[in-house]
$ cat run.tsv   # TSV, C-alpha atoms and all ligand atoms
chain	number	residue	atom	x	y	z
A	1	MET	CA	-1.72	5.45	3.92
A	2	ALA	CA	1.37	5.45	6.09
A	3	ASN	CA	2.49	8.81	7.39
A	4	VAL	CA	-0.27	10.74	5.57
A	5	THR	CA	-2.88	12.69	7.53
A	6	ILE	CA	-5.99	13.94	5.75
A	7	LEU	CA	-7.22	16.84	7.82
A	8	ASP	CA	-10.90	16.40	8.57
A	9	HIS	CA	-12.00	19.54	10.39
A	10	PRO	CA	-15.44	20.56	9.05
A	11	LEU	CA	-14.39	24.21	8.68
A	12	LEU	CA	-11.41	23.17	6.62
A	13	ARG	CA	-13.50	20.87	4.43
A	14	HIS	CA	-16.03	23.66	3.84
A	15	LYS	CA	-13.33	26.17	2.95
A	16	LEU	CA	-11.68	23.73	0.56
A	17	THR	CA	-14.95	23.55	-1.35
A	18	LEU	CA	-14.84	27.32	-1.72
A	19	LEU	CA	-11.27	27.13	-3.06
A	20	ARG	CA	-12.16	24.44	-5.56
A	21	ASP	CA	-15.14	26.36	-6.97
A	22	LYS	CA	-14.12	28.04	-10.23
A	23	GLU	CA	-16.44	30.96	-9.46
A	24	THR	CA	-14.33	31.92	-6.43
A	25	THR	CA	-12.54	35.20	-7.17
A	26	THR	CA	-8.83	35.83	-6.58
A	27	THR	CA	-9.61	38.03	-3.59
A	28	LYS	CA	-11.78	35.41	-1.98
A	29	PHE	CA	-9.38	32.61	-2.90
A	30	ARG	CA	-6.56	34.36	-1.04
A	31	GLN	CA	-8.68	35.11	1.97
A	32	VAL	CA	-10.02	31.54	2.25
A	33	ALA	CA	-6.56	30.04	1.66
A	34	ARG	CA	-5.25	32.18	4.50
A	35	GLU	CA	-7.98	30.88	6.78
A	36	ILE	CA	-7.32	27.27	5.73
A	37	SER	CA	-3.59	27.70	6.27
A	38	MET	CA	-4.22	28.86	9.78
A	39	LEU	CA	-6.34	25.78	10.47
A	40	MET	CA	-3.64	23.60	8.93
A	41	ALA	CA	-0.94	25.21	11.08
A	42	TYR	CA	-3.13	24.46	14.10
A	43	GLU	CA	-3.34	20.77	13.18
A	44	VAL	CA	0.27	20.33	12.16
A	45	THR	CA	1.58	21.85	15.40
A	46	ARG	CA	-0.69	19.68	17.55
A	47	ASP	CA	2.21	17.56	18.85
A	48	LEU	CA	4.62	20.36	19.74
A	49	PRO	CA	6.16	19.66	23.16
A	50	LEU	CA	5.30	21.76	26.20
A	51	GLU	CA	7.09	22.35	29.46
A	52	TRP	CA	5.84	23.70	32.76
A	53	ILE	CA	7.15	27.11	33.78
A	54	ASP	CA	6.58	29.27	36.83
A	55	ILE	CA	4.74	32.53	36.25
A	56	GLU	CA	2.68	34.94	38.27
A	57	THR	CA	-0.82	35.94	37.29
A	58	PRO	CA	-1.98	39.31	38.67
A	59	LEU	CA	-3.47	37.27	41.54
A	60	GLU	CA	-0.98	34.49	42.40
A	61	PRO	CA	1.96	32.37	41.28
A	62	MET	CA	1.24	29.30	39.17
A	63	ARG	CA	2.87	26.69	36.97
A	64	SER	CA	1.74	26.96	33.39
A	65	GLU	CA	2.52	25.37	30.03
A	66	TYR	CA	4.96	26.89	27.58
A	67	LEU	CA	6.25	25.68	24.21
A	68	THR	CA	9.62	24.01	24.37
A	69	GLY	CA	11.81	22.04	21.97
A	70	LYS	CA	12.80	23.05	18.49
A	71	LYS	CA	11.76	26.39	17.08
A	72	LEU	CA	9.80	26.44	13.85
A	73	CYS	CA	10.80	27.28	10.32
A	74	LEU	CA	8.21	27.48	7.55
A	75	VAL	CA	9.68	26.74	4.14
A	76	SER	CA	7.72	27.75	1.06
A	77	ILE	CA	8.18	26.13	-2.33
A	78	LEU	CA	7.89	29.08	-4.72
A	79	ARG	CA	5.70	30.48	-5.89
A	80	ALA	CA	2.40	28.98	-4.79
A	81	GLY	CA	3.77	28.01	-1.37
A	82	ASN	CA	3.80	31.70	-0.48
A	83	GLY	CA	0.02	31.70	-0.71
A	84	ILE	CA	-0.23	29.60	2.43
A	85	LEU	CA	2.60	31.18	4.39
A	86	GLU	CA	0.67	34.16	5.68
A	87	GLY	CA	-2.09	32.17	7.34
A	88	MET	CA	0.45	29.95	9.05
A	89	LEU	CA	2.43	32.97	10.24
A	90	ASP	CA	-0.76	34.41	11.72
A	91	LEU	CA	-0.72	31.44	14.09
A	92	VAL	CA	3.05	31.08	14.65
A	93	PRO	CA	4.34	34.65	14.14
A	94	SER	CA	7.77	33.89	15.61
A	95	ALA	CA	8.56	31.20	13.03
A	96	ARG	CA	11.43	31.83	10.65
A	97	VAL	CA	10.72	31.55	6.92
A	98	GLY	CA	12.75	29.95	4.15
A	99	HIS	CA	12.12	29.83	0.39
A	100	ILE	CA	13.02	27.27	-2.22
A	101	GLY	CA	12.51	28.03	-5.92
A	102	LEU	CA	12.35	25.11	-8.32
A	103	TYR	CA	11.47	24.96	-12.01
A	104	ARG	CA	10.87	21.95	-14.18
A	105	ASP	CA	13.54	21.34	-16.82
A	106	HIS	CA	11.65	20.71	-20.07
A	107	ALA	CA	14.15	18.17	-21.36
A	108	THR	CA	14.52	16.05	-18.24
A	109	LEU	CA	11.22	16.99	-16.54
A	110	ARG	CA	13.24	17.09	-13.31
A	111	PRO	CA	13.07	19.99	-10.83
A	112	VAL	CA	16.01	22.40	-10.96
A	113	GLU	CA	16.75	24.75	-8.05
A	114	TYR	CA	16.94	28.46	-8.97
A	115	TYR	CA	16.59	30.03	-5.53
A	116	LEU	CA	17.35	29.02	-1.96
A	117	LYS	CA	17.25	31.15	1.15
A	118	LEU	CA	17.10	29.48	4.53
A	119	PRO	CA	17.68	30.73	8.07
A	120	THR	CA	21.27	30.06	9.18
A	121	ASP	CA	20.08	27.88	12.07
A	122	VAL	CA	17.63	25.88	9.92
A	123	ALA	CA	19.27	22.59	10.94
A	124	GLU	CA	18.18	23.17	14.55
A	125	ARG	CA	14.57	23.90	13.65
A	126	LEU	CA	11.46	21.86	13.00
A	127	CYS	CA	10.72	22.67	9.34
A	128	ILE	CA	7.24	22.81	7.91
A	129	LEU	CA	7.56	22.60	4.14
A	130	VAL	CA	4.56	24.06	2.34
A	131	ASP	CA	3.27	23.75	-1.22
A	132	PRO	CA	-0.46	23.89	-1.93
A	133	MET	CA	-0.48	21.04	-4.44
A	134	LEU	CA	1.27	17.67	-4.05
A	135	ALA	CA	0.88	16.70	-7.71
A	136	THR	CA	3.73	14.64	-9.24
A	137	GLY	CA	5.59	15.04	-5.96
A	138	ASN	CA	8.87	15.82	-7.76
A	139	SER	CA	9.26	19.38	-6.43
A	140	ALA	CA	8.32	18.37	-2.91
A	141	VAL	CA	10.82	15.49	-3.00
A	142	ALA	CA	13.58	17.82	-4.27
A	143	ALA	CA	12.77	20.48	-1.67
A	144	ALA	CA	12.76	17.98	1.21
A	145	THR	CA	16.06	16.53	-0.05
A	146	ARG	CA	17.55	20.02	-0.13
A	147	LEU	CA	16.43	20.70	3.44
A	148	LYS	CA	18.01	17.44	4.60
A	149	GLU	CA	21.23	18.45	2.82
A	150	ALA	CA	21.08	21.69	4.83
A	151	GLY	CA	21.03	19.57	7.99
A	152	VAL	CA	17.30	19.57	8.78
A	153	LYS	CA	16.46	16.52	10.87
A	154	GLN	CA	12.78	17.07	11.59
A	155	MET	CA	10.34	18.08	8.90
A	156	LYS	CA	6.64	17.95	8.00
A	157	PHE	CA	5.07	18.56	4.59
A	158	VAL	CA	1.78	20.45	4.31
A	159	CYS	CA	-0.43	20.87	1.24
A	160	LEU	CA	-4.00	21.82	0.46
A	161	LEU	CA	-4.59	18.96	-2.00
A	162	ALA	CA	-2.67	15.83	-2.90
A	163	ALA	CA	-2.83	13.34	-5.76
A	164	PRO	CA	-2.27	9.66	-4.95
A	165	GLU	CA	0.68	9.69	-7.36
A	166	GLY	CA	2.34	12.56	-5.53
A	167	VAL	CA	1.78	11.00	-2.14
A	168	ALA	CA	3.33	7.72	-3.35
A	169	THR	CA	6.36	9.47	-4.82
A	170	PHE	CA	6.92	11.65	-1.77
A	171	THR	CA	6.42	9.01	0.92
A	172	GLN	CA	8.68	6.59	-0.96
A	173	ALA	CA	11.48	9.18	-1.16
A	174	HIS	CA	10.95	10.58	2.35
A	175	PRO	CA	9.21	7.97	4.52
A	176	ASP	CA	10.34	9.90	7.61
A	177	VAL	CA	8.48	13.10	6.65
A	178	PRO	CA	4.79	13.14	7.63
A	179	VAL	CA	2.41	14.57	5.02
A	180	TYR	CA	-0.64	16.66	6.01
A	181	THR	CA	-3.21	17.38	3.32
A	182	GLY	CA	-6.65	18.94	3.16
A	183	ALA	CA	-7.82	16.21	0.77
A	184	LEU	CA	-6.57	13.30	-1.28
A	185	ASP	CA	-8.00	13.73	-4.76
A	186	ARG	CA	-8.72	11.13	-7.46
A	187	GLN	CA	-5.74	11.37	-9.78
A	188	LEU	CA	-3.16	13.33	-11.68
A	189	ASP	CA	-4.12	14.10	-15.29
A	190	GLY	CA	-1.85	13.99	-18.36
A	191	ASN	CA	-0.88	17.65	-17.85
A	192	GLY	CA	0.18	17.16	-14.27
A	193	TYR	CA	-2.97	18.70	-12.77
A	194	ILE	CA	-4.71	17.23	-9.76
A	195	ARG	CA	-8.29	16.10	-10.57
A	196	PRO	CA	-10.81	17.28	-9.55
A	197	GLY	CA	-8.39	19.72	-7.87
A	198	LEU	CA	-8.70	23.49	-7.89
A	199	GLY	CA	-6.77	24.39	-11.04
A	200	ASP	CA	-3.40	26.12	-10.99
A	201	ALA	CA	-2.91	27.23	-7.41
A	202	GLY	CA	-0.34	29.94	-8.31
A	203	ASP	CA	-2.63	31.42	-10.93
A	204	ARG	CA	-5.55	31.39	-8.57
A	205	PHE	CA	-3.55	33.07	-5.77
A	206	TYR	CA	-2.07	35.75	-7.97
A	207	GLY	CA	-4.68	36.24	-10.68
A	208	THR	CA	-2.29	35.21	-13.45
A	209	ARG	CA	-2.99	32.73	-16.21
B	301	LIG	N1	-0.01	22.55	-9.47
B	301	LIG	C1	-1.18	23.24	-9.44
B	301	LIG	O1	-1.18	24.44	-9.22
B	301	LIG	N2	-2.31	22.57	-9.67
B	301	LIG	C2	-2.35	21.27	-9.91
B	301	LIG	O2	-3.44	20.71	-10.09
B	301	LIG	C3	-1.13	20.57	-9.93
B	301	LIG	C4	0.03	21.23	-9.71
$ encode --input "run.tsv" --output "structure tokens"
Amino acid sequence: MANVTILDHPLLRHKLTLLRDKETTTTKFRQVAREISMLMAYEVTRDLPLEWIDIETPLEPMRSEYLTGKKLCLVSILRAGNGILEGMLDLVPSARVGHIGLYRDHATLRPVEYYLKLPTDVAERLCILVDPMLATGNSAVAAATRLKEAGVKQMKFVCLLAAPEGVATFTQAHPDVPVYTGALDRQLDGNGYIRPGLGDAGDRFYGTR
């Protein structure tokens, strides 16, 4: 699938199994999701550019590698996106963070924005848009569109699980935005849930129902 990367690290695959298991408690779900998010941040930042800089170790001068290029901004689609922010911030603590709140209008079934807070220099940053579940893809499409309207030119989308339907919708709308997912599941069901999935990610993060 063009522009879609299914992350295949064994640790990540193992931890996804723990998330999917309905016996996994809220406490454990959060902890494992944090660990997975860190692994995902590691993979998604793999191609960040480096430059050589001059430093001095306690023993001698040397040239060493240092991150260059655009700074990062993590953008969470509320509310479940927040569940994977912390793990990513563990790895890239200097990243700025933005939030986009969207709800589904019952009449039109289209996402409607109710909250938006982005760093003022978001247009100059590489944005990593996060939402645990790429289900219908409608929220992710709307969020990526909103970031482009704010001037963002470089963006990646990261999720724990994706449905083929969501991937198709998103990549059609934003063919320039690479998608990184922990797994590509079988299908979307009639209620908009990813099958086999992990249930409602927000509920599992926050212990609501
Ligand atoms: N959102 C969820 O939390 N779970 C799904 O399966 C689909 C969308």
$ residues_near_ligand --input "run.tsv" --ligand "ligand LIG 301 (chain B)" --cutoff "7 Å" --atoms "only C-alpha atoms and all ligand atoms" --output "mmCIF file with C-alpha atoms, in the coordinates of the input"
data_model
loop_
_atom_site.group_PDB
_atom_site.id
_atom_site.type_symbol
_atom_site.label_atom_id
_atom_site.label_comp_id
_atom_site.auth_asym_id
_atom_site.auth_seq_id
_atom_site.Cartn_x
_atom_site.Cartn_y
_atom_site.Cartn_z
ATOM 1 C CA MET A 133 -0.480 21.040 -4.440
ATOM 2 C CA LEU A 134 1.270 17.670 -4.050
ATOM 3 C CA ALA A 135 0.880 16.700 -7.710
ATOM 4 C CA GLY A 192 0.180 17.160 -14.270
ATOM 5 C CA TYR A 193 -2.970 18.700 -12.770
ATOM 6 C CA ILE A 194 -4.710 17.230 -9.760
ATOM 7 C CA ARG A 195 -8.290 16.100 -10.570
ATOM 8 C CA GLY A 197 -8.390 19.720 -7.870
ATOM 9 C CA LEU A 198 -8.700 23.490 -7.890
ATOM 10 C CA GLY A 199 -6.770 24.390 -11.040
ATOM 11 C CA ASP A 200 -3.400 26.120 -10.990
ATOM 12 C CA ALA A 201 -2.910 27.230 -7.410
ATOM 13 C CA GLY A 202 -0.340 29.940 -8.310
#
$ atom_distance --input "run.tsv" --atom1 "atom CA of A:Leu7" --atom2 "atom CA of A:Ala183"
7.1 Å
$ closest_residue --input "run.tsv" --among "A:Leu11, A:Ile55, A:Val152, A:Val32" --to "A:Leu72" --atoms "all atoms listed in the file"
A:Val152
$ atom_distance --input "run.tsv" --atom1 "atom CA of A:Leu16" --atom2 "atom CA of A:Arg204"
13.4 Å
$ atom_distance --input "run.tsv" --atom1 "atom CA of A:Phe157" --atom2 "atom CA of A:Tyr66"
24.5 Å
$ residues_near_point --input "run.tsv" --point "(3.8, 20.1, 21.4)" --cutoff "12 Å" --atoms "all atoms listed in the file" --output "tab-separated table (two decimals) with C-alpha atoms, in the frame of the given file"
chain	number	residue	atom	x	y	z
A	42	TYR	CA	-3.13	24.46	14.10
A	43	GLU	CA	-3.34	20.77	13.18
A	44	VAL	CA	0.27	20.33	12.16
A	45	THR	CA	1.58	21.85	15.40
A	46	ARG	CA	-0.69	19.68	17.55
A	47	ASP	CA	2.21	17.56	18.85
A	48	LEU	CA	4.62	20.36	19.74
A	49	PRO	CA	6.16	19.66	23.16
A	50	LEU	CA	5.30	21.76	26.20
A	51	GLU	CA	7.09	22.35	29.46
A	65	GLU	CA	2.52	25.37	30.03
A	66	TYR	CA	4.96	26.89	27.58
A	67	LEU	CA	6.25	25.68	24.21
A	68	THR	CA	9.62	24.01	24.37
A	69	GLY	CA	11.81	22.04	21.97
A	70	LYS	CA	12.80	23.05	18.49
A	71	LYS	CA	11.76	26.39	17.08
A	72	LEU	CA	9.80	26.44	13.85
A	126	LEU	CA	11.46	21.86	13.00
$ residues_around --input "run.tsv" --residues "A:Thr169" --least-positions-apart "5" --cutoff "12 Å" --atoms "only C-alpha atoms" --output "MDAnalysis selection string"
chainID A and resid 134:142 162:164 174:175 179
$ residues_around --input "run.tsv" --residues "stretch 101-118 of chain A" --least-positions-apart "4" --cutoff "12 Å" --atoms "all atoms listed in the file" --output "PyMOL selection string"
chain A and resi 73-82+96-97+122-125+127+129+131+136-147+149-152+192
$ write_last_selection --input "run.tsv" --atoms "C-alpha atoms" --output "short mmCIF file (atom, residue, chain, number, x, y, z; two decimals), in the coordinates of the input"
data_model
loop_
_atom_site.label_atom_id
_atom_site.label_comp_id
_atom_site.auth_asym_id
_atom_site.auth_seq_id
_atom_site.Cartn_x
_atom_site.Cartn_y
_atom_site.Cartn_z
CA CYS A 73 10.80 27.28 10.32
CA LEU A 74 8.21 27.48 7.55
CA VAL A 75 9.68 26.74 4.14
CA SER A 76 7.72 27.75 1.06
CA ILE A 77 8.18 26.13 -2.33
CA LEU A 78 7.89 29.08 -4.72
CA ARG A 79 5.70 30.48 -5.89
CA ALA A 80 2.40 28.98 -4.79
CA GLY A 81 3.77 28.01 -1.37
CA ASN A 82 3.80 31.70 -0.48
CA ARG A 96 11.43 31.83 10.65
CA VAL A 97 10.72 31.55 6.92
CA VAL A 122 17.63 25.88 9.92
CA ALA A 123 19.27 22.59 10.94
CA GLU A 124 18.18 23.17 14.55
CA ARG A 125 14.57 23.90 13.65
CA CYS A 127 10.72 22.67 9.34
CA LEU A 129 7.56 22.60 4.14
CA ASP A 131 3.27 23.75 -1.22
CA THR A 136 3.73 14.64 -9.24
CA GLY A 137 5.59 15.04 -5.96
CA ASN A 138 8.87 15.82 -7.76
CA SER A 139 9.26 19.38 -6.43
CA ALA A 140 8.32 18.37 -2.91
CA VAL A 141 10.82 15.49 -3.00
CA ALA A 142 13.58 17.82 -4.27
CA ALA A 143 12.77 20.48 -1.67
CA ALA A 144 12.76 17.98 1.21
CA THR A 145 16.06 16.53 -0.05
CA ARG A 146 17.55 20.02 -0.13
CA LEU A 147 16.43 20.70 3.44
CA GLU A 149 21.23 18.45 2.82
CA ALA A 150 21.08 21.69 4.83
CA GLY A 151 21.03 19.57 7.99
CA VAL A 152 17.30 19.57 8.78
CA GLY A 192 0.18 17.16 -14.27
#
$ closest_residue --input "run.tsv" --among "A:Thr171, A:His99, A:Leu160, A:Gln187" --to "A:Thr17" --atoms "only C-alpha atoms"
A:Leu160
$ residues_around --input "run.tsv" --residues "A:Met38" --least-positions-apart "2" --cutoff "8 Å" --atoms "all atoms listed in the file" --output "compact mmCIF listing (two decimals) with C-alpha atoms, keeping the file's coordinate frame"
# COMPACT_ATOMS: atom_id res chain seq x y z
CA ARG A 34 -5.25 32.18 4.50
CA GLU A 35 -7.98 30.88 6.78
CA ILE A 36 -7.32 27.27 5.73
CA MET A 40 -3.64 23.60 8.93
CA ALA A 41 -0.94 25.21 11.08
CA TYR A 42 -3.13 24.46 14.10
CA GLY A 87 -2.09 32.17 7.34
CA MET A 88 0.45 29.95 9.05
CA LEU A 89 2.43 32.97 10.24
CA ASP A 90 -0.76 34.41 11.72
CA LEU A 91 -0.72 31.44 14.09
$ closest_residue --input "run.tsv" --among "A:Cys159, A:Ile128, A:Leu184, A:Ala2" --to "A:Pro196" --atoms "all atoms listed in the file"
A:Leu184
$ closest_residue --input "run.tsv" --among "A:Ile53, A:Val167, A:Met1, A:Ile84" --to "A:Arg30" --atoms "only C-alpha atoms"
A:Ile84
$ decode --input "run.tsv" --residues "stretch 96-201 of chain A" --atoms "C-alpha atoms" --output "PDB file, in the first residue's frame"
ATOM      1  CA  ARG A  96       5.876  21.230  20.718  1.00  0.00           C
ATOM      2  CA  VAL A  97       2.346  19.855  21.102  1.00  0.00           C
ATOM      3  CA  GLY A  98      -0.876  20.836  19.362  1.00  0.00           C
ATOM      4  CA  HIS A  99      -4.437  19.586  19.883  1.00  0.00           C
ATOM      5  CA  ILE A 100      -7.344  19.248  17.509  1.00  0.00           C
ATOM      6  CA  GLY A 101     -10.812  18.382  18.831  1.00  0.00           C
ATOM      7  CA  LEU A 102     -13.339  16.972  16.386  1.00  0.00           C
ATOM      8  CA  TYR A 103     -16.780  15.485  16.934  1.00  0.00           C
ATOM      9  CA  ARG A 104     -19.006  13.674  14.496  1.00  0.00           C
ATOM     10  CA  ASP A 105     -22.146  15.573  13.508  1.00  0.00           C
ATOM     11  CA  HIS A 106     -25.003  13.072  13.828  1.00  0.00           C
ATOM     12  CA  ALA A 107     -26.924  14.466  10.878  1.00  0.00           C
ATOM     13  CA  THR A 108     -24.096  14.711   8.364  1.00  0.00           C
ATOM     14  CA  LEU A 109     -21.722  12.166   9.962  1.00  0.00           C
ATOM     15  CA  ARG A 110     -18.954  14.633   9.105  1.00  0.00           C
ATOM     16  CA  PRO A 111     -16.289  15.734  11.616  1.00  0.00           C
ATOM     17  CA  VAL A 112     -16.820  19.187  13.121  1.00  0.00           C
ATOM     18  CA  GLU A 113     -13.950  21.058  14.802  1.00  0.00           C
ATOM     19  CA  TYR A 114     -14.630  22.172  18.391  1.00  0.00           C
ATOM     20  CA  TYR A 115     -11.085  22.868  19.565  1.00  0.00           C
ATOM     21  CA  LEU A 116      -7.816  23.880  17.957  1.00  0.00           C
ATOM     22  CA  LYS A 117      -4.597  24.933  19.635  1.00  0.00           C
ATOM     23  CA  LEU A 118      -1.376  24.857  17.664  1.00  0.00           C
ATOM     24  CA  PRO A 119       2.061  26.367  18.265  1.00  0.00           C
ATOM     25  CA  THR A 120       2.394  29.735  16.500  1.00  0.00           C
ATOM     26  CA  ASP A 121       5.304  28.448  14.393  1.00  0.00           C
ATOM     27  CA  VAL A 122       3.539  25.200  13.433  1.00  0.00           C
ATOM     28  CA  ALA A 123       3.988  25.948   9.714  1.00  0.00           C
ATOM     29  CA  GLU A 124       7.772  25.692  10.121  1.00  0.00           C
ATOM     30  CA  ARG A 125       7.640  22.363  11.926  1.00  0.00           C
ATOM     31  CA  LEU A 126       7.466  18.723  10.913  1.00  0.00           C
ATOM     32  CA  CYS A 127       4.093  17.660  12.333  1.00  0.00           C
ATOM     33  CA  ILE A 128       3.374  14.181  13.600  1.00  0.00           C
ATOM     34  CA  LEU A 129      -0.386  13.804  13.777  1.00  0.00           C
ATOM     35  CA  VAL A 130      -1.468  11.100  16.215  1.00  0.00           C
ATOM     36  CA  ASP A 131      -4.721   9.209  16.710  1.00  0.00           C
ATOM     37  CA  PRO A 132      -4.678   5.617  17.962  1.00  0.00           C
ATOM     38  CA  MET A 133      -7.332   4.347  15.555  1.00  0.00           C
ATOM     39  CA  LEU A 134      -7.527   5.070  11.817  1.00  0.00           C
ATOM     40  CA  ALA A 135     -11.098   3.810  11.446  1.00  0.00           C
ATOM     41  CA  THR A 136     -13.289   5.634   8.887  1.00  0.00           C
ATOM     42  CA  GLY A 137     -10.419   8.054   8.353  1.00  0.00           C
ATOM     43  CA  ASN A 138     -12.758  11.065   8.416  1.00  0.00           C
ATOM     44  CA  SER A 139     -11.288  12.701  11.538  1.00  0.00           C
ATOM     45  CA  ALA A 140      -7.728  12.106  10.399  1.00  0.00           C
ATOM     46  CA  VAL A 141      -8.501  13.600   6.982  1.00  0.00           C
ATOM     47  CA  ALA A 142     -10.122  16.670   8.593  1.00  0.00           C
ATOM     48  CA  ALA A 143      -7.235  17.123  11.038  1.00  0.00           C
ATOM     49  CA  ALA A 144      -4.587  16.854   8.303  1.00  0.00           C
ATOM     50  CA  THR A 145      -6.568  19.328   6.163  1.00  0.00           C
ATOM     51  CA  ARG A 146      -6.690  21.736   9.099  1.00  0.00           C
ATOM     52  CA  LEU A 147      -2.930  21.479   9.609  1.00  0.00           C
ATOM     53  CA  LYS A 148      -2.331  22.202   5.933  1.00  0.00           C
ATOM     54  CA  GLU A 149      -4.633  25.238   6.223  1.00  0.00           C
ATOM     55  CA  ALA A 150      -2.410  26.374   9.108  1.00  0.00           C
ATOM     56  CA  GLY A 151       0.543  26.232   6.715  1.00  0.00           C
ATOM     57  CA  VAL A 152       2.050  22.857   7.639  1.00  0.00           C
ATOM     58  CA  LYS A 153       4.042  21.520   4.704  1.00  0.00           C
ATOM     59  CA  GLN A 154       5.497  18.337   6.156  1.00  0.00           C
ATOM     60  CA  MET A 155       3.408  15.879   8.117  1.00  0.00           C
ATOM     61  CA  LYS A 156       3.237  12.214   9.122  1.00  0.00           C
ATOM     62  CA  PHE A 157       0.257  10.348  10.549  1.00  0.00           C
ATOM     63  CA  VAL A 158       0.751   7.755  13.294  1.00  0.00           C
ATOM     64  CA  CYS A 159      -1.798   5.291  14.680  1.00  0.00           C
ATOM     65  CA  LEU A 160      -1.798   2.070  16.664  1.00  0.00           C
ATOM     66  CA  LEU A 161      -4.292   0.273  14.400  1.00  0.00           C
ATOM     67  CA  ALA A 162      -5.763   1.015  11.001  1.00  0.00           C
ATOM     68  CA  ALA A 163      -8.697  -0.345   9.021  1.00  0.00           C
ATOM     69  CA  PRO A 164      -8.271  -0.760   5.256  1.00  0.00           C
ATOM     70  CA  GLU A 165     -11.207   1.624   4.769  1.00  0.00           C
ATOM     71  CA  GLY A 166      -9.537   4.340   6.831  1.00  0.00           C
ATOM     72  CA  VAL A 167      -6.218   3.913   5.075  1.00  0.00           C
ATOM     73  CA  ALA A 168      -7.936   4.207   1.669  1.00  0.00           C
ATOM     74  CA  THR A 169      -9.838   7.338   2.686  1.00  0.00           C
ATOM     75  CA  PHE A 170      -6.810   9.010   4.233  1.00  0.00           C
ATOM     76  CA  THR A 171      -4.270   8.211   1.523  1.00  0.00           C
ATOM     77  CA  GLN A 172      -6.713   9.317  -1.168  1.00  0.00           C
ATOM     78  CA  ALA A 173      -7.274  12.676   0.550  1.00  0.00           C
ATOM     79  CA  HIS A 174      -3.639  13.175   1.604  1.00  0.00           C
ATOM     80  CA  PRO A 175      -1.363  11.131  -0.669  1.00  0.00           C
ATOM     81  CA  ASP A 176       1.582  13.279   0.478  1.00  0.00           C
ATOM     82  CA  VAL A 177       1.222  12.298   4.161  1.00  0.00           C
ATOM     83  CA  PRO A 178       2.904   9.002   5.093  1.00  0.00           C
ATOM     84  CA  VAL A 179       0.916   6.744   7.433  1.00  0.00           C
ATOM     85  CA  TYR A 180       2.618   4.647  10.135  1.00  0.00           C
ATOM     86  CA  THR A 181       0.535   1.997  11.866  1.00  0.00           C
ATOM     87  CA  GLY A 182       1.160  -0.817  14.316  1.00  0.00           C
ATOM     88  CA  ALA A 183      -1.146  -3.112  12.329  1.00  0.00           C
ATOM     89  CA  LEU A 184      -3.590  -3.129   9.457  1.00  0.00           C
ATOM     90  CA  ASP A 185      -6.689  -4.929  10.695  1.00  0.00           C
ATOM     91  CA  ARG A 186      -9.376  -6.822   8.745  1.00  0.00           C
ATOM     92  CA  GLN A 187     -12.209  -4.330   8.440  1.00  0.00           C
ATOM     93  CA  LEU A 188     -14.433  -1.639   9.832  1.00  0.00           C
ATOM     94  CA  ASP A 189     -17.719  -2.913  11.272  1.00  0.00           C
ATOM     95  CA  GLY A 190     -21.173  -1.324  10.918  1.00  0.00           C
ATOM     96  CA  ASN A 191     -20.611   0.747  14.080  1.00  0.00           C
ATOM     97  CA  GLY A 192     -17.345   2.200  12.879  1.00  0.00           C
ATOM     98  CA  TYR A 193     -15.163  -0.068  15.037  1.00  0.00           C
ATOM     99  CA  ILE A 194     -11.977  -1.634  13.734  1.00  0.00           C
ATOM    100  CA  ARG A 195     -12.156  -5.475  13.743  1.00  0.00           C
ATOM    101  CA  PRO A 196     -10.581  -7.329  15.441  1.00  0.00           C
ATOM    102  CA  GLY A 197      -9.241  -4.061  16.897  1.00  0.00           C
ATOM    103  CA  LEU A 198      -8.931  -3.245  20.576  1.00  0.00           C
ATOM    104  CA  GLY A 199     -12.328  -1.696  21.288  1.00  0.00           C
ATOM    105  CA  ASP A 200     -12.819   1.994  22.004  1.00  0.00           C
ATOM    106  CA  ALA A 201      -9.332   3.378  22.491  1.00  0.00           C
TER     107      ALA A 201
END
